[in-house]
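Undergrad: Next comes the structure file final12.pdb, holding PDB, C-alpha atoms, pLDDT in the B column.
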```pdb
ATOM      1  CA  ASN A 617     112.020 106.704  77.176  1.00 77.00           C
ATOM      2  CA  GLY A 618     109.309 108.787  78.764  1.00 84.00           C
ATOM      3  CA  VAL A 619     105.725 108.076  77.796  1.00 83.00           C
ATOM      4  CA  TYR A 620     103.142 110.857  77.897  1.00 85.00           C
ATOM      5  CA  THR A 621      99.466 110.031  77.674  1.00 87.00           C
ATOM      6  CA  PRO A 622      96.212 111.448  79.083  1.00 81.00           C
ATOM      7  CA  LEU A 623      95.265 109.971  82.440  1.00 81.00           C
ATOM      8  CA  HIS A 624      91.989 108.601  81.046  1.00 78.00           C
ATOM      9  CA  ASN A 625      94.030 106.281  78.837  1.00 83.00           C
ATOM     10  CA  LEU A 626      95.499 104.654  81.943  1.00 86.00           C
ATOM     11  CA  LEU A 627      92.512 104.564  84.271  1.00 86.00           C
ATOM     12  CA  PRO A 628      88.783 103.960  83.690  1.00 85.00           C
ATOM     13  CA  MET A 629      87.531 107.508  84.118  1.00 84.00           C
ATOM     14  CA  VAL A 630      85.300 110.048  82.429  1.00 83.00           C
ATOM     15  CA  HIS A 631      86.947 112.105  79.721  1.00 81.00           C
ATOM     16  CA  PRO A 632      87.343 115.713  80.972  1.00 80.00           C
ATOM     17  CA  SER A 633      85.359 117.060  78.009  1.00 84.00           C
ATOM     18  CA  GLU A 634      82.364 114.978  79.137  1.00 87.00           C
ATOM     19  CA  ILE A 635      82.168 116.628  82.570  1.00 90.00           C
ATOM     20  CA  CYS A 636      79.494 119.305  83.059  1.00 92.00           C
ATOM     21  CA  TRP A 637      80.202 121.949  85.658  1.00 90.00           C
ATOM     22  CA  GLY A 638      77.681 123.849  87.728  1.00 93.00           C
ATOM     23  CA  GLY A 639      77.086 124.867  91.302  1.00 94.00           C
ATOM     24  CA  TRP A 640      75.925 127.301  93.913  1.00 96.00           C
ATOM     25  CA  ASP A 641      77.392 130.374  95.569  1.00 94.00           C
ATOM     26  CA  ILE A 642      76.162 133.086  97.927  1.00 95.00           C
ATOM     27  CA  ASN A 643      77.676 135.642  95.530  1.00 94.00           C
ATOM     28  CA  SER A 644      76.099 136.095  92.094  1.00 95.00           C
ATOM     29  CA  MET A 645      79.276 136.995  90.184  1.00 95.00           C
ATOM     30  CA  ASN A 646      80.019 134.744  87.214  1.00 96.00           C
ATOM     31  CA  LEU A 647      83.030 132.460  87.557  1.00 94.00           C
ATOM     32  CA  GLY A 648      85.143 134.408  85.078  1.00 95.00           C
ATOM     33  CA  ASP A 649      84.888 137.679  86.982  1.00 95.00           C
ATOM     34  CA  ALA A 650      85.174 135.846  90.315  1.00 91.00           C
ATOM     35  CA  MET A 651      88.432 134.303  89.094  1.00 91.00           C
ATOM     36  CA  ARG A 652      89.795 137.740  88.237  1.00 92.00           C
ATOM     37  CA  ARG A 653      88.652 139.151  91.557  1.00 88.00           C
ATOM     38  CA  SER A 654      90.425 136.405  93.516  1.00 84.00           C
ATOM     39  CA  ARG A 655      93.773 136.976  91.735  1.00 82.00           C
ATOM     40  CA  VAL A 656      94.951 133.448  92.485  1.00 81.00           C
ATOM     41  CA  LEU A 657      95.638 131.986  89.029  1.00 87.00           C
ATOM     42  CA  GLU A 658      98.372 133.340  86.788  1.00 91.00           C
ATOM     43  CA  TYR A 659      97.233 136.142  84.473  1.00 94.00           C
ATOM     44  CA  ASP A 660      97.855 134.235  81.227  1.00 96.00           C
ATOM     45  CA  LEU A 661      95.901 131.241  82.519  1.00 95.00           C
ATOM     46  CA  GLN A 662      93.041 133.535  83.547  1.00 96.00           C
ATOM     47  CA  GLU A 663      92.887 134.951  80.038  1.00 96.00           C
ATOM     48  CA  GLN A 664      92.659 131.460  78.555  1.00 97.00           C
ATOM     49  CA  LEU A 665      89.930 130.364  80.954  1.00 95.00           C
ATOM     50  CA  TYR A 666      87.836 133.525  81.044  1.00 97.00           C
ATOM     51  CA  PRO A 667      85.820 132.926  77.824  1.00 95.00           C
ATOM     52  CA  HIS A 668      84.725 129.544  79.207  1.00 91.00           C
ATOM     53  CA  MET A 669      84.111 130.612  82.805  1.00 93.00           C
ATOM     54  CA  LYS A 670      82.253 133.869  82.225  1.00 94.00           C
ATOM     55  CA  GLU A 671      79.168 131.934  81.102  1.00 92.00           C
ATOM     56  CA  ILE A 672      78.942 129.964  84.356  1.00 92.00           C
ATOM     57  CA  VAL A 673      76.727 131.770  86.878  1.00 94.00           C
ATOM     58  CA  PRO A 674      76.141 130.165  90.280  1.00 95.00           C
ATOM     59  CA  LEU A 675      72.731 129.182  91.552  1.00 97.00           C
ATOM     60  CA  PRO A 676      71.507 130.764  94.811  1.00 97.00           C
ATOM     61  CA  SER A 677      73.069 129.008  97.766  1.00 97.00           C
ATOM     62  CA  VAL A 678      72.501 128.304 101.449  1.00 96.00           C
ATOM     63  CA  TYR A 679      73.711 131.112 103.717  1.00 95.00           C
ATOM     64  CA  PHE A 680      73.782 130.707 107.482  1.00 95.00           C
ATOM     65  CA  PRO A 681      75.719 133.766 108.776  1.00 93.00           C
ATOM     66  CA  ASP A 682      76.298 132.195 112.188  1.00 92.00           C
ATOM     67  CA  PHE A 683      78.648 129.596 110.681  1.00 92.00           C
ATOM     68  CA  ILE A 684      81.066 131.813 108.715  1.00 88.00           C
ATOM     69  CA  ALA A 685      82.805 135.149 109.197  1.00 83.00           C
ATOM     70  CA  ALA A 686      80.678 138.299 109.366  1.00 84.00           C
ATOM     71  CA  ASN A 687      82.729 139.882 106.571  1.00 84.00           C
ATOM     72  CA  GLN A 688      81.043 137.554 104.070  1.00 85.00           C
ATOM     73  CA  SER A 689      77.725 139.395 104.392  1.00 88.00           C
ATOM     74  CA  GLU A 690      78.771 142.044 101.853  1.00 88.00           C
ATOM     75  CA  ARG A 691      79.040 139.355  99.172  1.00 89.00           C
ATOM     76  CA  ALA A 692      75.870 137.469 100.077  1.00 92.00           C
ATOM     77  CA  ASP A 693      73.594 138.671  97.258  1.00 94.00           C
ATOM     78  CA  ASN A 694      72.597 135.253  95.895  1.00 95.00           C
ATOM     79  CA  VAL A 695      71.043 133.338  98.756  1.00 96.00           C
ATOM     80  CA  LEU A 696      68.114 130.972  99.168  1.00 96.00           C
ATOM     81  CA  GLU A 697      65.131 132.010 101.251  1.00 95.00           C
ATOM     82  CA  GLY A 698      62.899 130.037 103.557  1.00 96.00           C
ATOM     83  CA  SER A 699      63.499 127.433 106.254  1.00 96.00           C
ATOM     84  CA  LYS A 700      66.376 124.968 106.265  1.00 97.00           C
ATOM     85  CA  GLN A 701      63.956 122.329 105.020  1.00 97.00           C
ATOM     86  CA  ASP A 702      62.896 124.623 102.160  1.00 97.00           C
ATOM     87  CA  GLN A 703      66.494 125.302 101.233  1.00 97.00           C
ATOM     88  CA  MET A 704      67.459 121.638 101.359  1.00 98.00           C
ATOM     89  CA  GLU A 705      64.546 120.764  99.077  1.00 98.00           C
ATOM     90  CA  GLN A 706      65.683 123.465  96.638  1.00 98.00           C
ATOM     91  CA  ILE A 707      69.209 122.032  96.581  1.00 98.00           C
ATOM     92  CA  ARG A 708      67.724 118.613  95.832  1.00 98.00           C
ATOM     93  CA  LYS A 709      65.649 120.119  93.015  1.00 98.00           C
ATOM     94  CA  ASP A 710      68.733 121.863  91.614  1.00 97.00           C
ATOM     95  CA  ILE A 711      70.585 118.540  91.524  1.00 98.00           C
ATOM     96  CA  VAL A 712      67.696 116.773  89.785  1.00 98.00           C
ATOM     97  CA  ASP A 713      67.284 119.577  87.240  1.00 97.00           C
ATOM     98  CA  PHE A 714      71.024 119.799  86.514  1.00 97.00           C
ATOM     99  CA  LYS A 715      71.250 116.054  85.972  1.00 97.00           C
ATOM    100  CA  ALA A 716      68.241 116.000  83.658  1.00 97.00           C
ATOM    101  CA  LYS A 717      69.190 119.125  81.694  1.00 96.00           C
ATOM    102  CA  ASN A 718      72.677 117.829  80.916  1.00 95.00           C
ATOM    103  CA  LYS A 719      71.613 114.158  80.544  1.00 94.00           C
ATOM    104  CA  LEU A 720      74.156 113.020  83.120  1.00 94.00           C
ATOM    105  CA  ASP A 721      74.788 109.529  84.433  1.00 92.00           C
ATOM    106  CA  LYS A 722      76.064 110.749  87.777  1.00 94.00           C
ATOM    107  CA  VAL A 723      76.332 113.905  89.873  1.00 96.00           C
ATOM    108  CA  ILE A 724      79.103 114.488  92.406  1.00 96.00           C
ATOM    109  CA  VAL A 725      78.764 117.403  94.821  1.00 97.00           C
ATOM    110  CA  LEU A 726      82.029 118.981  95.932  1.00 95.00           C
ATOM    111  CA  TRP A 727      82.033 121.442  98.842  1.00 94.00           C
ATOM    112  CA  THR A 728      84.572 124.204  98.130  1.00 88.00           C
ATOM    113  CA  ALA A 729      82.888 126.981 100.088  1.00 87.00           C
ATOM    114  CA  ASN A 730      84.187 128.884 103.086  1.00 83.00           C
ATOM    115  CA  THR A 731      85.367 127.064 106.168  1.00 85.00           C
ATOM    116  CA  GLU A 732      82.612 126.995 108.764  1.00 91.00           C
ATOM    117  CA  ARG A 733      82.828 126.925 112.530  1.00 90.00           C
ATOM    118  CA  PHE A 734      82.389 123.500 114.085  1.00 92.00           C
ATOM    119  CA  ALA A 735      78.810 122.446 114.685  1.00 93.00           C
ATOM    120  CA  SER A 736      77.992 121.237 118.158  1.00 93.00           C
ATOM    121  CA  VAL A 737      77.162 117.524 118.143  1.00 94.00           C
ATOM    122  CA  GLU A 738      74.084 117.275 120.330  1.00 93.00           C
ATOM    123  CA  GLU A 739      71.814 114.427 121.322  1.00 94.00           C
ATOM    124  CA  GLY A 740      68.463 114.749 119.623  1.00 94.00           C
ATOM    125  CA  VAL A 741      69.827 117.205 117.046  1.00 94.00           C
ATOM    126  CA  ASN A 742      72.421 115.614 114.780  1.00 95.00           C
ATOM    127  CA  ASP A 743      73.451 112.416 116.549  1.00 95.00           C
ATOM    128  CA  THR A 744      71.309 110.121 114.360  1.00 96.00           C
ATOM    129  CA  ALA A 745      69.970 110.265 110.811  1.00 97.00           C
ATOM    130  CA  ASP A 746      66.353 110.604 111.919  1.00 97.00           C
ATOM    131  CA  ASN A 747      67.186 113.298 114.453  1.00 97.00           C
ATOM    132  CA  LEU A 748      69.149 115.244 111.862  1.00 97.00           C
ATOM    133  CA  LEU A 749      66.316 115.131 109.328  1.00 97.00           C
ATOM    134  CA  ALA A 750      63.888 116.260 112.037  1.00 97.00           C
ATOM    135  CA  SER A 751      66.271 119.060 113.037  1.00 97.00           C
ATOM    136  CA  ILE A 752      66.405 120.364 109.479  1.00 97.00           C
ATOM    137  CA  GLU A 753      62.622 120.249 109.295  1.00 96.00           C
ATOM    138  CA  ARG A 754      62.233 122.304 112.479  1.00 96.00           C
ATOM    139  CA  ASP A 755      64.963 124.777 111.471  1.00 95.00           C
ATOM    140  CA  GLU A 756      67.414 123.763 114.193  1.00 95.00           C
ATOM    141  CA  PRO A 757      70.154 126.465 114.405  1.00 94.00           C
ATOM    142  CA  GLU A 758      72.995 123.988 114.955  1.00 95.00           C
ATOM    143  CA  VAL A 759      72.712 122.510 111.438  1.00 96.00           C
ATOM    144  CA  SER A 760      75.323 124.018 109.121  1.00 96.00           C
ATOM    145  CA  ALA A 761      75.037 124.869 105.439  1.00 96.00           C
ATOM    146  CA  SER A 762      77.550 122.175 104.483  1.00 96.00           C
ATOM    147  CA  THR A 763      75.527 119.590 106.378  1.00 97.00           C
ATOM    148  CA  VAL A 764      72.373 120.677 104.552  1.00 97.00           C
ATOM    149  CA  PHE A 765      74.213 120.187 101.242  1.00 97.00           C
ATOM    150  CA  ALA A 766      75.499 116.796 102.369  1.00 97.00           C
ATOM    151  CA  VAL A 767      72.025 115.615 103.372  1.00 98.00           C
ATOM    152  CA  ALA A 768      70.508 116.870 100.096  1.00 98.00           C
ATOM    153  CA  SER A 769      73.215 115.063  98.119  1.00 98.00           C
ATOM    154  CA  ILE A 770      72.738 111.817 100.019  1.00 98.00           C
ATOM    155  CA  LEU A 771      68.969 111.888  99.558  1.00 98.00           C
ATOM    156  CA  GLU A 772      69.541 112.294  95.804  1.00 97.00           C
ATOM    157  CA  GLY A 773      72.073 109.458  95.732  1.00 96.00           C
ATOM    158  CA  CYS A 774      75.018 111.751  94.930  1.00 96.00           C
ATOM    159  CA  THR A 775      78.545 111.370  96.261  1.00 97.00           C
ATOM    160  CA  PHE A 776      79.429 114.325  98.498  1.00 97.00           C
ATOM    161  CA  ILE A 777      83.056 115.410  98.939  1.00 96.00           C
ATOM    162  CA  ASN A 778      83.885 117.907 101.676  1.00 93.00           C
ATOM    163  CA  GLY A 779      86.856 120.170 100.952  1.00 89.00           C
ATOM    164  CA  SER A 780      86.836 122.167 104.187  1.00 87.00           C
ATOM    165  CA  PRO A 781      87.988 121.221 107.693  1.00 85.00           C
ATOM    166  CA  GLN A 782      84.707 121.703 109.584  1.00 89.00           C
ATOM    167  CA  ASN A 783      82.716 118.764 110.954  1.00 92.00           C
ATOM    168  CA  THR A 784      80.176 118.521 108.144  1.00 94.00           C
ATOM    169  CA  PHE A 785      79.889 114.788 108.692  1.00 96.00           C
ATOM    170  CA  VAL A 786      78.177 114.775 112.058  1.00 96.00           C
ATOM    171  CA  PRO A 787      77.032 111.295 113.207  1.00 96.00           C
ATOM    172  CA  GLY A 788      73.599 111.796 111.650  1.00 97.00           C
ATOM    173  CA  VAL A 789      75.111 112.438 108.213  1.00 97.00           C
ATOM    174  CA  MET A 790      77.269 109.316 108.395  1.00 97.00           C
ATOM    175  CA  GLU A 791      74.313 107.175 109.434  1.00 98.00           C
ATOM    176  CA  LEU A 792      72.179 108.641 106.637  1.00 98.00           C
ATOM    177  CA  ALA A 793      74.903 107.934 104.068  1.00 97.00           C
ATOM    178  CA  LYS A 794      75.101 104.308 105.206  1.00 97.00           C
ATOM    179  CA  ARG A 795      71.328 103.998 105.071  1.00 97.00           C
ATOM    180  CA  HIS A 796      71.231 105.226 101.478  1.00 97.00           C
ATOM    181  CA  GLN A 797      74.486 103.457 100.526  1.00 96.00           C
ATOM    182  CA  CYS A 798      75.915 106.760  99.354  1.00 96.00           C
ATOM    183  CA  PHE A 799      79.577 107.790  99.329  1.00 96.00           C
ATOM    184  CA  ILE A 800      80.765 110.723 101.439  1.00 96.00           C
ATOM    185  CA  ALA A 801      84.409 111.704 101.813  1.00 94.00           C
ATOM    186  CA  GLY A 802      86.849 114.370 102.913  1.00 88.00           C
ATOM    187  CA  ASP A 803      87.459 116.761 105.759  1.00 80.00           C
ATOM    188  CA  ASP A 804      89.819 119.180 103.972  1.00 77.00           C
ATOM    189  CA  PHE A 805      91.656 119.410 100.668  1.00 75.00           C
ATOM    190  CA  LYS A 806      94.917 119.835 102.609  1.00 63.00           C
ATOM    191  CA  SER A 807      96.595 121.614  99.738  1.00 63.00           C
ATOM    192  CA  GLY A 808      99.337 124.197 100.067  1.00 63.00           C
ATOM    193  CA  GLN A 809      99.964 125.520 103.544  1.00 66.00           C
ATOM    194  CA  THR A 810      97.465 123.167 105.212  1.00 68.00           C
ATOM    195  CA  LYS A 811      99.396 120.138 103.998  1.00 70.00           C
ATOM    196  CA  MET A 812     102.719 121.727 104.910  1.00 75.00           C
ATOM    197  CA  LYS A 813     101.498 122.444 108.437  1.00 76.00           C
ATOM    198  CA  SER A 814     100.257 118.876 108.845  1.00 76.00           C
ATOM    199  CA  VAL A 815     103.604 117.466 107.720  1.00 83.00           C
ATOM    200  CA  LEU A 816     105.686 119.874 109.807  1.00 85.00           C
ATOM    201  CA  VAL A 817     103.655 119.352 112.975  1.00 86.00           C
ATOM    202  CA  ASP A 818     104.005 115.585 112.676  1.00 87.00           C
ATOM    203  CA  PHE A 819     107.754 115.986 112.138  1.00 89.00           C
ATOM    204  CA  LEU A 820     108.184 118.349 115.090  1.00 90.00           C
ATOM    205  CA  VAL A 821     106.120 116.261 117.486  1.00 91.00           C
ATOM    206  CA  SER A 822     108.017 113.088 116.544  1.00 92.00           C
ATOM    207  CA  ALA A 823     111.234 115.017 117.240  1.00 93.00           C
ATOM    208  CA  GLY A 824     110.033 115.886 120.735  1.00 93.00           C
ATOM    209  CA  ILE A 825     109.052 119.457 119.919  1.00 91.00           C
ATOM    210  CA  LYS A 826     105.474 120.405 120.723  1.00 89.00           C
ATOM    211  CA  PRO A 827     104.153 123.430 118.764  1.00 86.00           C
ATOM    212  CA  VAL A 828     101.955 125.681 120.889  1.00 87.00           C
ATOM    213  CA  SER A 829     100.512 127.713 118.006  1.00 82.00           C
ATOM    214  CA  ILE A 830     100.561 128.038 114.219  1.00 76.00           C
ATOM    215  CA  VAL A 831     100.185 131.382 112.463  1.00 71.00           C
ATOM    216  CA  SER A 832      99.381 131.541 108.752  1.00 66.00           C
ATOM    217  CA  TYR A 833      99.466 134.398 106.276  1.00 60.00           C
ATOM    218  CA  ASN A 834      97.212 134.196 103.241  1.00 57.00           C
ATOM    219  CA  HIS A 835      98.871 136.275 100.524  1.00 54.00           C
ATOM    220  CA  LEU A 836      96.866 135.205  97.466  1.00 51.00           C
ATOM    221  CA  GLY A 837      93.877 137.398  98.188  1.00 51.00           C
ATOM    222  CA  ASN A 838      91.223 134.722  97.832  1.00 60.00           C
ATOM    223  CA  ASN A 839      87.930 134.734  99.706  1.00 66.00           C
ATOM    224  CA  ASP A 840      88.796 131.856 102.011  1.00 64.00           C
ATOM    225  CA  GLY A 841      91.658 133.935 103.367  1.00 63.00           C
ATOM    226  CA  LYS A 842      89.275 136.818 103.936  1.00 65.00           C
ATOM    227  CA  ASN A 843      86.820 134.523 105.711  1.00 61.00           C
ATOM    228  CA  LEU A 844      89.522 133.090 107.975  1.00 61.00           C
ATOM    229  CA  SER A 845      90.993 136.513 108.737  1.00 61.00           C
ATOM    230  CA  ALA A 846      87.851 137.732 110.512  1.00 58.00           C
TER
END
```
Now, as a test, write the supplied structure out as structure tokens.

TA:
Amino acid sequence: NGVYTPLHNLLPMVHPSEICWGGWDINSMNLGDAMRRSRVLEYDLQEQLYPHMKEIVPLPSVYFPDFIAANQSERADNVLEGSKQDQMEQIRKDIVDFKAKNKLDKVIVLWTANTERFASVEEGVNDTADNLLASIERDEPEVSASTVFAVASILEGCTFINGSPQNTFVPGVMELAKRHQCFIAGDDFKSGQTKMKSVLVDFLVSAGIKPVSIVSYNHLGNNDGKNLSA
């Protein structure tokens, strides 16, 4: 006979009702309206979630236009000001305040923002932890927003999970995480078409067929598709 039970009854994990959600975004729209705008979830599910999501408004986020598509500028109405050091310190403050306000035992930062271009790994810039921290302090242009979030999370002792395929974890980030004994993980969620492409490419190559290009069509209308289309 089949047995149905919540996952938290099988594994030592936090009950879903005990998780507090918050975050940052370069667009100020609340999550309920953003969900409707994206048109990804089924309509009935949207209607069930909307009363809960409409109250969640993102905090101002880090916006470095050089790292994402230019078409994102029209949505960037909720961005932090100041140097990269200033912005990193604000992210750290946001984490501390969120943890204290909600009386949390642990904070996990999950990067679900737009895919960035690859950052150039350069000696003296992001090749070591100390160089990376110095680069952020002097506003080095080759430090991405996701890397700033990762560094802020590490300095606050928070696990950072990267859900996009850019090279957020430059050598300096990995060294800093080891220094602070902090978990970092991920280089892409690999859900949907990304996973399918990974599986198919491996299959084709093992069969002696070498793909020369892969073309994708994003039909769900979400912002990541818009970002990648530019």

Undergrad: List the neighbours of A:Ala793 out to 10 Å using all atoms listed in the file; skip same-chain residues closer than 5 positions along the sequence, and give me the result as a count of residues only.

TA: 16

Undergrad: Closest to A:Ala768 among A:Leu816, A:Ile825, A:Ile707, A:Leu726, using all atoms listed in the file?

TA: A:Ile707

Undergrad: Which residue out of A:Asn694, A:Asn742, A:Asn625, A:Gln701 has the minimum interatomic distance to A:Asn643 when only C-alpha atoms are used?

TA: A:Asn694

Undergrad: For a test of reading the model, state the distance in Å between atom CA of A:Val673 and atom CA of A:Val712, rounded to one decimal.

TA: 17.7 Å

Undergrad: Report, in Å to a single decimal, how far apart atom CA of A:Thr731 and atom CA of A:Arg653 are.

TA: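 Between atom CA of A:Arg653 and atom CA of A:Thr731 the gap works out to 19.2 Å.
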
Undergrad: I want to know what sits within 10 Å of A:Asn718, based on all atoms listed in the file, with residues of the same chain fewer than 5 positions away left out; could you give that as number ranges by chain?

TA: A: 635-637, 713

Undergrad: Would you mind exporting C-alpha atoms of the selected residues as an mmCIF file, keeping the file's coordinate frame?

TA:
```cif
data_model
loop_
_atom_site.group_PDB
_atom_site.id
_atom_site.type_symbol
_atom_site.label_atom_id
_atom_site.label_comp_id
_atom_site.auth_asym_id
_atom_site.auth_seq_id
_atom_site.Cartn_x
_atom_site.Cartn_y
_atom_site.Cartn_z
ATOM 1 C CA ILE A 635 82.168 116.628 82.570
ATOM 2 C CA CYS A 636 79.494 119.305 83.059
ATOM 3 C CA TRP A 637 80.202 121.949 85.658
ATOM 4 C CA ASP A 713 67.284 119.577 87.240
#
```

Undergrad: Figure out the distance between atom CA of A:Ser654 and atom CA of A:Met669, please, to one decimal in Å.

TA: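 Interatomic distance here is 13.7 Å.
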
Undergrad: Hey, which of A:Lys715, A:Lys709, A:Glu732, A:Val741 ends up closest to A:Asp803? Count only C-alpha atoms.

TA: A:Glu732

Undergrad: With all atoms listed in the file as the atoms that count, which of A:Ser822, A:Pro757, A:Thr728, A:Asp746 lies nearest to A:Gly779?

TA: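 Using all atoms listed in the file, the shortest distance to A:Gly779 belongs to A:Thr728.
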
Undergrad: Name the closest residue to A:Ala761 among the candidates A:Lys717, A:Arg708, A:Lys700, A:His796; distances are taken between atoms, counting all atoms listed in the file.

TA: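 Answer, going by the shortest atom-to-atom distance: A:Lys700.
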
Undergrad: Would you give the centre and edge lengths, in Å to one decimal, of a box along x, y and z around the listed atoms of stretch 777-781 of chain A, with 6 Å added to each side, as JSON?

TA:
```
{"center_x": 85.5, "center_y": 118.8, "center_z": 103.3, "size_x": 16.9, "size_y": 18.8, "size_z": 20.8}
```

Undergrad: Applying 9 Å and only C-alpha atoms, which residues near A:Met651 remain after dropping the ones on its own chain fewer than 6 positions away? List them as an NGL selection string.

TA: :A and (657 or 662 or 666 or 669)

Undergrad: Determine the nearest neighbour of A:Leu665 from the options A:Arg795, A:Arg652, A:Lys811, A:Arg754, counting all atoms listed in the file.

TA: A:Arg652

Undergrad: Tell me, as a list in words, which residues lie within 12 Å of A:Ser689, counting all atoms listed in the file; anything in the same chain fewer than 3 positions away does not count.

TA: Ile642, Asn643, Tyr679, Phe680, Pro681, Asp682, Phe683, Ile684, Ala685, Ala686, Ala692, Asp693, Asn694, Val695, Lys842, Asn843 and Ala846 of chain A

Undergrad: Just C-alpha atoms for this one: save the residues we selected as a PDB file, in the frame of the given file.

TA:
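Saved to out24.pdb:
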```pdb
ATOM      1  CA  ILE A 642      76.162 133.086  97.927  1.00 95.00           C
ATOM      2  CA  ASN A 643      77.676 135.642  95.530  1.00 94.00           C
ATOM      3  CA  TYR A 679      73.711 131.112 103.717  1.00 95.00           C
ATOM      4  CA  PHE A 680      73.782 130.707 107.482  1.00 95.00           C
ATOM      5  CA  PRO A 681      75.719 133.766 108.776  1.00 93.00           C
ATOM      6  CA  ASP A 682      76.298 132.195 112.188  1.00 92.00           C
ATOM      7  CA  PHE A 683      78.648 129.596 110.681  1.00 92.00           C
ATOM      8  CA  ILE A 684      81.066 131.813 108.715  1.00 88.00           C
ATOM      9  CA  ALA A 685      82.805 135.149 109.197  1.00 83.00           C
ATOM     10  CA  ALA A 686      80.678 138.299 109.366  1.00 84.00           C
ATOM     11  CA  ALA A 692      75.870 137.469 100.077  1.00 92.00           C
ATOM     12  CA  ASP A 693      73.594 138.671  97.258  1.00 94.00           C
ATOM     13  CA  ASN A 694      72.597 135.253  95.895  1.00 95.00           C
ATOM     14  CA  VAL A 695      71.043 133.338  98.756  1.00 96.00           C
ATOM     15  CA  LYS A 842      89.275 136.818 103.936  1.00 65.00           C
ATOM     16  CA  ASN A 843      86.820 134.523 105.711  1.00 61.00           C
ATOM     17  CA  ALA A 846      87.851 137.732 110.512  1.00 58.00           C
TER      18      ALA A 846
END
```

Undergrad: What's around A:Val759 at 8 Å? Count only C-alpha atoms, leave out sequence neighbours fewer than 5 positions away in its own chain, and write the answer as a list in words.

TA: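 Final neighbour list, sorted by chain and number: Ala735, Asn742, Ser751, Ile752 and Val764 of chain A.
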
Undergrad: Produce a file of the selected residues containing C-alpha atoms, as an mmCIF file, in the frame of the given file.

TA:
```cif
data_model
loop_
_atom_site.group_PDB
_atom_site.id
_atom_site.type_symbol
_atom_site.label_atom_id
_atom_site.label_comp_id
_atom_site.auth_asym_id
_atom_site.auth_seq_id
_atom_site.Cartn_x
_atom_site.Cartn_y
_atom_site.Cartn_z
ATOM 1 C CA ALA A 735 78.810 122.446 114.685
ATOM 2 C CA ASN A 742 72.421 115.614 114.780
ATOM 3 C CA SER A 751 66.271 119.060 113.037
ATOM 4 C CA ILE A 752 66.405 120.364 109.479
ATOM 5 C CA VAL A 764 72.373 120.677 104.552
#
```
